[in-house]
Every structure is written in C-alpha cells, then in structure tokens.
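Asker: One structure, pasted below without further comment.
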Amino acid sequence: MTTIVSGSASQTLAAALARELEKPLATVEYDRFPDGELLAGVPDFDDDRAIVVASTVSSDAHLELLQLQDAVREAGAEEVVTVLPYMGYGRQDAAFEAGHPVSARAVARAVSTGTDRVLTVNPHEKAVCEFFEPTATPVDAAGRLAEPLPADLEDPVFLSPDAGAIDLAETVRDAYGDGETDYFEKTRHSGTEVEITPSDVDVAGRDVVVTDDIIATGSTMSEAVGVLRNRGVGRVFVTCVHPLLARNAVTKLSRAGVEAIYGTDTIERGASAVSVAPALAAEL
Ligand code: R5P
C-alpha cells in the first residue's frame, strides 16, 4: 500500500495527487523548538511505500522534506518516492564564479540520501536530474498551460522570452492547437535586471502568450511584455510552469498590462490555474 505525504508548501497538489491515484494522505505534524529548529513527523504513518510531495520553495521546505523522508523510513516504509514539483536551487546548476557551489547538485545529493526515486516537474535544465543518485525523471506539464487560455485568441503568437524556453512555448501552442511560435533573446545583468532583444515577429493587433519555466521577480516577463506593448500587441497572457512570483512580480506584470498570469500548482499561488497532478500520476 502507498500513502501520500505532503510537505507544507504542497498540500493542494498532494491532495489532488491523492485523489488522482486514489491513495490516502498521511497526517503531518509540526513543531518548532525554542532554538528555531523544525520538526516534521508522520505519527500515524504505517505503510510500505511513501510518496513524499514537497516543493522546496525555501530553506525550511528543504529541511522539512529531508525530515519527512527520514520519518517515513523510520516508520517502516520500504520504498520512498520523492516528488519535487518545484526544485528549489535548480537554477544554480553550475558554479557561475570561482569559489561558488553547484547548489543544485548539493541539494540533489541531500535529497538523494532519503529516497529510491525522484520525479521533478519541468526542471530549469533537464540535466539537473543527473545530480540525483537514484533515478530522477523530469515530468513535462507545460501542455496544461493552454487550458485556461481563451478559445478566441486573435491570430496568436506563442513566445518565449529567451531561447531556452522555446520548447515550452511550442508545447503550449501544440496543446492550444493553433498559432505561430517565436522567441526573444535575453541578457541577464543581475538578479532583477534583464535586457530583452526582440525578434522581428509582427505582433501588431495579435494576441500573444508568453511562456517561461519560472516567473521569479517578473523582470524577464515584464521586459518582454514592454517590448510587445511598444509594438502594438493585442492582449498579452503570461504563462509559466512555476509561478514563484517573488516580491512585487504580480504588480510588475499588472503594470506592464498583462491580461492574466497562468501557472501550475507546483507552487501554490493565486496564479495556480492548472494542476500538474495528472502528469505526475501518469508517472507513478
Ligand atoms: C531563467 O532562465 C528562467 O528561465 C526564467 O526566465 C527566470 O528564472 C525568470 O526570472 P525573473 O522572473 O526573476 O526574471
């Protein structure tokens, strides 16, 4: 028998996955000691297989995942499957300066110690899966981002704000069933400053869907939307798999004039319009 165990940041998705797989959800209990240390436990867990679902959206969420993996083993689980809907630190997949860590590898190694298998949704680079010790499988859920889009998009263009995300834009276009695809080029100057070099795609009067894997500060998307606005675009929808939406990202995008922001539930936000549960269930 299998029980689903949810990290505190992934409760909606874990519940959707439990419904999809028709498996029970464990009760997770929490404590915090006077020195600030966390404790996440599964007092009633009594099964031989656990699926731990935890987006590592913060350092505490990372720690909580390690504790939940250990707690289910301690309670007798023979197989532990770890689902990282959003893998935190995944974008730090190289040492970008001398003396810097490969943070994605460091966290993957830690997660690997407590699991027999890993699934992660649309990692920034699929190559991060190689950092895990057991088999790690990337799950592509981008196609679902077409679902909330209006059916009456005007001569749509599905655009990625940089070359790395063109596959996602193509997946969303294919799922929508109609439209052109294109991409801009991006140069990142700092954590919050990016420069967009547009292509010569004609967007005047057309509706544009801009797709990326992650919206973090919203800098990439708002710059891309600014370029589109200057070119007389129709409506602009922004979609992403992981709606991190840190700091003032939603305000930035609203001020840039986007019609709507659609993301998945890998990160639970107001913009989480579609669930990746069916895509995960298909791999479990
Ligand atoms: C980076 O290459 C990613 O694909 C995203 O474009 C990036 O993480 C978005 O970050 P932000 O919203 O802070 O510009």
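Letters A, B, ... mark the chains of the structure tokens in the order given; residue numbers begin at 1 per chain; ligand numbers begin at 1, in order shown.
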Find the residues of chain A that sit at most 7 Å from ligand 1; for each, write down the nearest two atoms and how far apart they are in Å, to one decimal. Count only C-alpha atoms and all ligand atoms. Sort by chain, then by number going up, and give it as JSON lines.
Answerer:
{"residue": "A:His124", "atom": "CA", "partner": "ligand 1", "partner_atom_place_in_ligand_line": "4 (O)", "distance": 6.4}
{"residue": "A:Gly164", "atom": "CA", "partner": "ligand 1", "partner_atom_place_in_ligand_line": "4 (O)", "distance": 6.8}
{"residue": "A:Ala165", "atom": "CA", "partner": "ligand 1", "partner_atom_place_in_ligand_line": "4 (O)", "distance": 6.4}
{"residue": "A:Gly191", "atom": "CA", "partner": "ligand 1", "partner_atom_place_in_ligand_line": "13 (O)", "distance": 6.4}
{"residue": "A:Thr192", "atom": "CA", "partner": "ligand 1", "partner_atom_place_in_ligand_line": "13 (O)", "distance": 5.8}
{"residue": "A:Val194", "atom": "CA", "partner": "ligand 1", "partner_atom_place_in_ligand_line": "14 (O)", "distance": 6.9}
{"residue": "A:Asp212", "atom": "CA", "partner": "ligand 1", "partner_atom_place_in_ligand_line": "4 (O)", "distance": 5.8}
{"residue": "A:Asp213", "atom": "CA", "partner": "ligand 1", "partner_atom_place_in_ligand_line": "4 (O)", "distance": 5.3}
{"residue": "A:Ile214", "atom": "CA", "partner": "ligand 1", "partner_atom_place_in_ligand_line": "5 (C)", "distance": 5.0}
{"residue": "A:Ile215", "atom": "CA", "partner": "ligand 1", "partner_atom_place_in_ligand_line": "12 (O)", "distance": 3.9}
{"residue": "A:Ala216", "atom": "CA", "partner": "ligand 1", "partner_atom_place_in_ligand_line": "12 (O)", "distance": 3.5}
{"residue": "A:Thr217", "atom": "CA", "partner": "ligand 1", "partner_atom_place_in_ligand_line": "13 (O)", "distance": 3.6}
{"residue": "A:Gly218", "atom": "CA", "partner": "ligand 1", "partner_atom_place_in_ligand_line": "12 (O)", "distance": 3.5}
{"residue": "A:Ser219", "atom": "CA", "partner": "ligand 1", "partner_atom_place_in_ligand_line": "14 (O)", "distance": 4.0}
{"residue": "A:Thr220", "atom": "CA", "partner": "ligand 1", "partner_atom_place_in_ligand_line": "14 (O)", "distance": 3.7}
{"residue": "A:Met221", "atom": "CA", "partner": "ligand 1", "partner_atom_place_in_ligand_line": "12 (O)", "distance": 6.4}
Asker: Quick one: residues within 8 Å of segment 83-91 of chain A, only C-alpha atoms, excluding same-chain residues fewer than 3 positions away - as a PyMOL selection string?
Answerer: chain A and resi 51-58+103-104+107+118-125+128+242+266-267
Asker: Taking only C-alpha atoms into account, name the residue in A:Val276, A:Ala40, A:Val157, A:Val203 that is nearest to Thr181 of chain A.
Answerer: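 Ranking A:Val276, A:Ala40, A:Val157, A:Val203 by distance to Thr181 of chain A, first place goes to A:Val157.
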Asker: Considering only strand (DSSP E or B) as DSSP defines it on the backbone, what residues of segment 68-230 of chain A qualify? List them as a PyMOL selection string.
Answerer: chain A and resi 79-84+117-121+136-139+157-160+180-183+185-188+194-197+204+208-214
Asker: Dump N, CA, C and O atoms for the selected residues as a short mmCIF file (atom, residue, chain, number, x, y, z; two decimals), in the first residue's frame?
Answerer:
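After the write, selection33.cif holds the following:
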data_model
loop_
_atom_site.label_atom_id
_atom_site.label_comp_id
_atom_site.auth_asym_id
_atom_site.auth_seq_id
_atom_site.Cartn_x
_atom_site.Cartn_y
_atom_site.Cartn_z
N GLU A 79 9.87 1.64 0.42
CA GLU A 79 10.15 2.43 -0.78
C GLU A 79 9.70 3.87 -0.56
O GLU A 79 8.58 4.11 -0.09
N VAL A 80 10.59 4.80 -0.86
CA VAL A 80 10.25 6.22 -0.75
C VAL A 80 10.43 6.86 -2.12
O VAL A 80 11.52 6.81 -2.70
N VAL A 81 9.34 7.41 -2.64
CA VAL A 81 9.39 8.16 -3.90
C VAL A 81 9.27 9.63 -3.53
O VAL A 81 8.39 10.01 -2.76
N THR A 82 10.19 10.44 -4.04
CA THR A 82 10.15 11.87 -3.73
C THR A 82 9.70 12.64 -4.96
O THR A 82 10.29 12.51 -6.03
N VAL A 83 8.63 13.41 -4.80
CA VAL A 83 8.15 14.27 -5.88
C VAL A 83 8.52 15.71 -5.53
O VAL A 83 8.08 16.24 -4.50
N LEU A 84 9.36 16.29 -6.37
CA LEU A 84 9.73 17.70 -6.21
C LEU A 84 8.98 18.47 -7.29
O LEU A 84 9.49 18.63 -8.40
N ARG A 117 13.63 7.07 -5.56
CA ARG A 117 13.27 7.58 -6.89
C ARG A 117 12.85 9.03 -6.74
O ARG A 117 12.29 9.41 -5.70
N VAL A 118 13.10 9.81 -7.79
CA VAL A 118 12.72 11.23 -7.76
C VAL A 118 11.94 11.57 -9.03
O VAL A 118 12.29 11.11 -10.12
N LEU A 119 10.89 12.37 -8.87
CA LEU A 119 10.21 12.98 -10.03
C LEU A 119 10.27 14.48 -9.81
O LEU A 119 10.04 14.96 -8.69
N THR A 120 10.57 15.23 -10.86
CA THR A 120 10.53 16.68 -10.72
C THR A 120 9.91 17.29 -11.97
O THR A 120 10.15 16.81 -13.08
N VAL A 121 9.09 18.31 -11.77
CA VAL A 121 8.32 18.88 -12.89
C VAL A 121 9.14 19.98 -13.56
O VAL A 121 9.62 20.91 -12.89
N ALA A 136 16.13 9.99 -11.45
CA ALA A 136 15.30 11.21 -11.34
C ALA A 136 14.69 11.47 -12.71
O ALA A 136 15.41 11.54 -13.71
N THR A 137 13.38 11.61 -12.74
CA THR A 137 12.65 11.74 -14.01
C THR A 137 12.05 13.13 -14.13
O THR A 137 11.29 13.55 -13.24
N PRO A 138 12.34 13.85 -15.22
CA PRO A 138 11.65 15.13 -15.43
C PRO A 138 10.25 14.90 -15.99
O PRO A 138 10.08 14.08 -16.90
N VAL A 139 9.27 15.58 -15.45
CA VAL A 139 7.88 15.43 -15.91
C VAL A 139 7.47 16.74 -16.60
O VAL A 139 7.59 17.81 -16.01
N VAL A 157 0.40 34.45 -31.20
CA VAL A 157 1.83 34.14 -31.22
C VAL A 157 2.17 33.56 -29.85
O VAL A 157 1.84 34.16 -28.83
N PHE A 158 2.82 32.41 -29.84
CA PHE A 158 3.28 31.81 -28.59
C PHE A 158 4.77 32.06 -28.52
O PHE A 158 5.55 31.57 -29.34
N LEU A 159 5.16 32.86 -27.53
CA LEU A 159 6.50 33.43 -27.50
C LEU A 159 7.22 32.99 -26.23
O LEU A 159 6.60 32.90 -25.16
N SER A 160 8.53 32.75 -26.33
CA SER A 160 9.31 32.58 -25.10
C SER A 160 10.23 33.78 -24.97
O SER A 160 10.71 34.31 -25.97
N GLU A 180 1.45 30.77 -34.13
CA GLU A 180 2.85 30.83 -34.52
C GLU A 180 3.70 30.78 -33.25
O GLU A 180 3.22 31.14 -32.16
N THR A 181 4.95 30.34 -33.36
CA THR A 181 5.85 30.41 -32.20
C THR A 181 7.07 31.27 -32.56
O THR A 181 7.46 31.35 -33.73
N ASP A 182 7.64 31.89 -31.54
CA ASP A 182 8.85 32.68 -31.74
C ASP A 182 9.53 32.87 -30.38
O ASP A 182 8.94 32.51 -29.35
N TYR A 183 10.74 33.42 -30.40
CA TYR A 183 11.41 33.69 -29.12
C TYR A 183 12.23 34.96 -29.20
O TYR A 183 12.66 35.38 -30.27
N GLU A 185 15.59 37.12 -27.26
CA GLU A 185 16.88 36.80 -26.63
C GLU A 185 16.95 37.60 -25.33
O GLU A 185 16.47 38.73 -25.27
N LYS A 186 17.57 36.99 -24.32
CA LYS A 186 17.66 37.68 -23.02
C LYS A 186 19.11 37.75 -22.55
O LYS A 186 19.85 36.78 -22.66
N THR A 187 19.49 38.93 -22.02
CA THR A 187 20.79 39.05 -21.34
C THR A 187 20.48 39.44 -19.91
O THR A 187 19.74 40.40 -19.67
N ARG A 188 20.99 38.65 -18.96
CA ARG A 188 20.74 38.97 -17.55
C ARG A 188 21.90 39.79 -17.00
O ARG A 188 23.06 39.40 -17.10
N VAL A 194 17.22 42.52 -16.44
CA VAL A 194 17.43 41.76 -17.67
C VAL A 194 17.21 42.68 -18.86
O VAL A 194 16.51 43.69 -18.76
N GLU A 195 17.85 42.32 -19.96
CA GLU A 195 17.67 43.09 -21.19
C GLU A 195 17.12 42.12 -22.24
O GLU A 195 17.64 41.02 -22.40
N ILE A 196 16.07 42.54 -22.90
CA ILE A 196 15.42 41.68 -23.91
C ILE A 196 15.74 42.22 -25.30
O ILE A 196 15.58 43.41 -25.57
N THR A 197 16.23 41.35 -26.16
CA THR A 197 16.44 41.71 -27.57
C THR A 197 15.36 40.99 -28.36
O THR A 197 15.36 39.75 -28.46
N ALA A 204 1.63 43.23 -34.07
CA ALA A 204 0.62 44.31 -34.08
C ALA A 204 -0.79 43.74 -34.21
O ALA A 204 -1.09 42.98 -35.14
N VAL A 208 -0.77 37.65 -27.79
CA VAL A 208 0.49 36.94 -27.56
C VAL A 208 0.44 36.21 -26.21
O VAL A 208 -0.02 36.77 -25.21
N VAL A 209 0.91 34.97 -26.22
CA VAL A 209 1.04 34.18 -25.00
C VAL A 209 2.53 34.01 -24.76
O VAL A 209 3.23 33.41 -25.58
N VAL A 210 3.04 34.58 -23.66
CA VAL A 210 4.46 34.47 -23.36
C VAL A 210 4.63 33.37 -22.32
O VAL A 210 3.95 33.38 -21.28
N THR A 211 5.52 32.42 -22.60
CA THR A 211 5.67 31.26 -21.70
C THR A 211 7.12 31.10 -21.26
O THR A 211 8.04 31.20 -22.07
N ASP A 212 7.29 30.86 -19.96
CA ASP A 212 8.62 30.60 -19.41
C ASP A 212 8.49 29.46 -18.41
O ASP A 212 7.38 29.11 -18.00
N ASP A 213 9.62 28.89 -17.98
CA ASP A 213 9.51 27.84 -16.97
C ASP A 213 9.15 28.42 -15.61
O ASP A 213 8.28 27.90 -14.90
N ILE A 214 9.79 29.54 -15.26
CA ILE A 214 9.60 30.15 -13.93
C ILE A 214 9.36 31.64 -14.10
O ILE A 214 10.02 32.29 -14.91
#
Asker: Could you check the closest approach to Gly76 of chain A for each of A:Asp167, A:Asp265, A:Asp47, A:Asp174 and tell me which residue wins, using only C-alpha atoms?
Answerer: A:Asp47
Asker: One decimal, Å: what's the distance from atom CA of Arg173 of chain A over to atom CA of Ser272 of chain A, could you say?
Answerer: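 So the answer is 19.2 Å.
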Asker: Got a sec: who's within 9 Å of segment 250-259 of chain A, counting only C-alpha atoms, leaving out chain neighbours fewer than 5 positions off, as a PyMOL selection string?
Answerer: chain A and resi 217-219+221-223+225-226+229+235-238+245
Asker: Between A:Arg32, A:Leu68, A:Val241, A:Arg49, which residue has the minimum interatomic distance to Ser6 of chain A, considering only C-alpha atoms?
Answerer: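 Comparing A:Arg32, A:Leu68, A:Val241, A:Arg49 against Ser6 of chain A, the winner is A:Leu68.
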Asker: Which residue out of A:Asp155, A:Asp48, A:Glu130, A:Asp60 has the minimum interatomic distance to Ser8 of chain A when only C-alpha atoms are used?
Answerer: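 Under the stated criterion, the closest residue is A:Asp60.
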Asker: Could you tell me which of A:Leu284, A:Ala77, A:Ala146, A:Ala277 comes closest to Ala14 of chain A if we count only C-alpha atoms?
Answerer: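 When distances to Ala14 of chain A are compared using only C-alpha atoms, the smallest one comes from A:Ala277.
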Asker: Take atom CA of Glu78 of chain A and atom CA of Ala281 of chain A and report the distance between them in Å, one decimal.
Answerer: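 Computing it gives 20.2 Å between the two atoms.
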Asker: Enumerate as a PyMOL selection string all residues of segment 90-130 of chain A assigned to helix (DSSP H, G or I) by DSSP on the backbone, naming them with the chain letters and numbers the document uses.
Answerer: chain A and resi 103-112+126-130
Asker: Keeping C-alpha atoms, export the residues of the selection given above as an mmCIF file, in the first residue's frame.
Answerer:
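The resulting result_29.cif:
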data_model
loop_
_atom_site.group_PDB
_atom_site.id
_atom_site.type_symbol
_atom_site.label_atom_id
_atom_site.label_comp_id
_atom_site.auth_asym_id
_atom_site.auth_seq_id
_atom_site.Cartn_x
_atom_site.Cartn_y
_atom_site.Cartn_z
ATOM 1 C CA SER A 103 23.902 24.425 -5.400
ATOM 2 C CA ALA A 104 21.541 22.244 -7.463
ATOM 3 C CA ARG A 105 23.987 19.355 -7.093
ATOM 4 C CA ALA A 106 24.368 19.948 -3.343
ATOM 5 C CA VAL A 107 20.629 19.848 -2.692
ATOM 6 C CA ALA A 108 20.133 16.903 -5.073
ATOM 7 C CA ARG A 109 22.719 14.918 -3.133
ATOM 8 C CA ALA A 110 20.965 15.654 0.158
ATOM 9 C CA VAL A 111 17.532 14.683 -1.235
ATOM 10 C CA SER A 112 19.022 11.515 -2.761
ATOM 11 C CA LYS A 126 16.805 18.542 -17.501
ATOM 12 C CA ALA A 127 20.498 17.864 -16.785
ATOM 13 C CA VAL A 128 19.907 18.577 -13.061
ATOM 14 C CA CYS A 129 18.281 15.135 -12.918
ATOM 15 C CA GLU A 130 21.784 13.679 -13.272
#
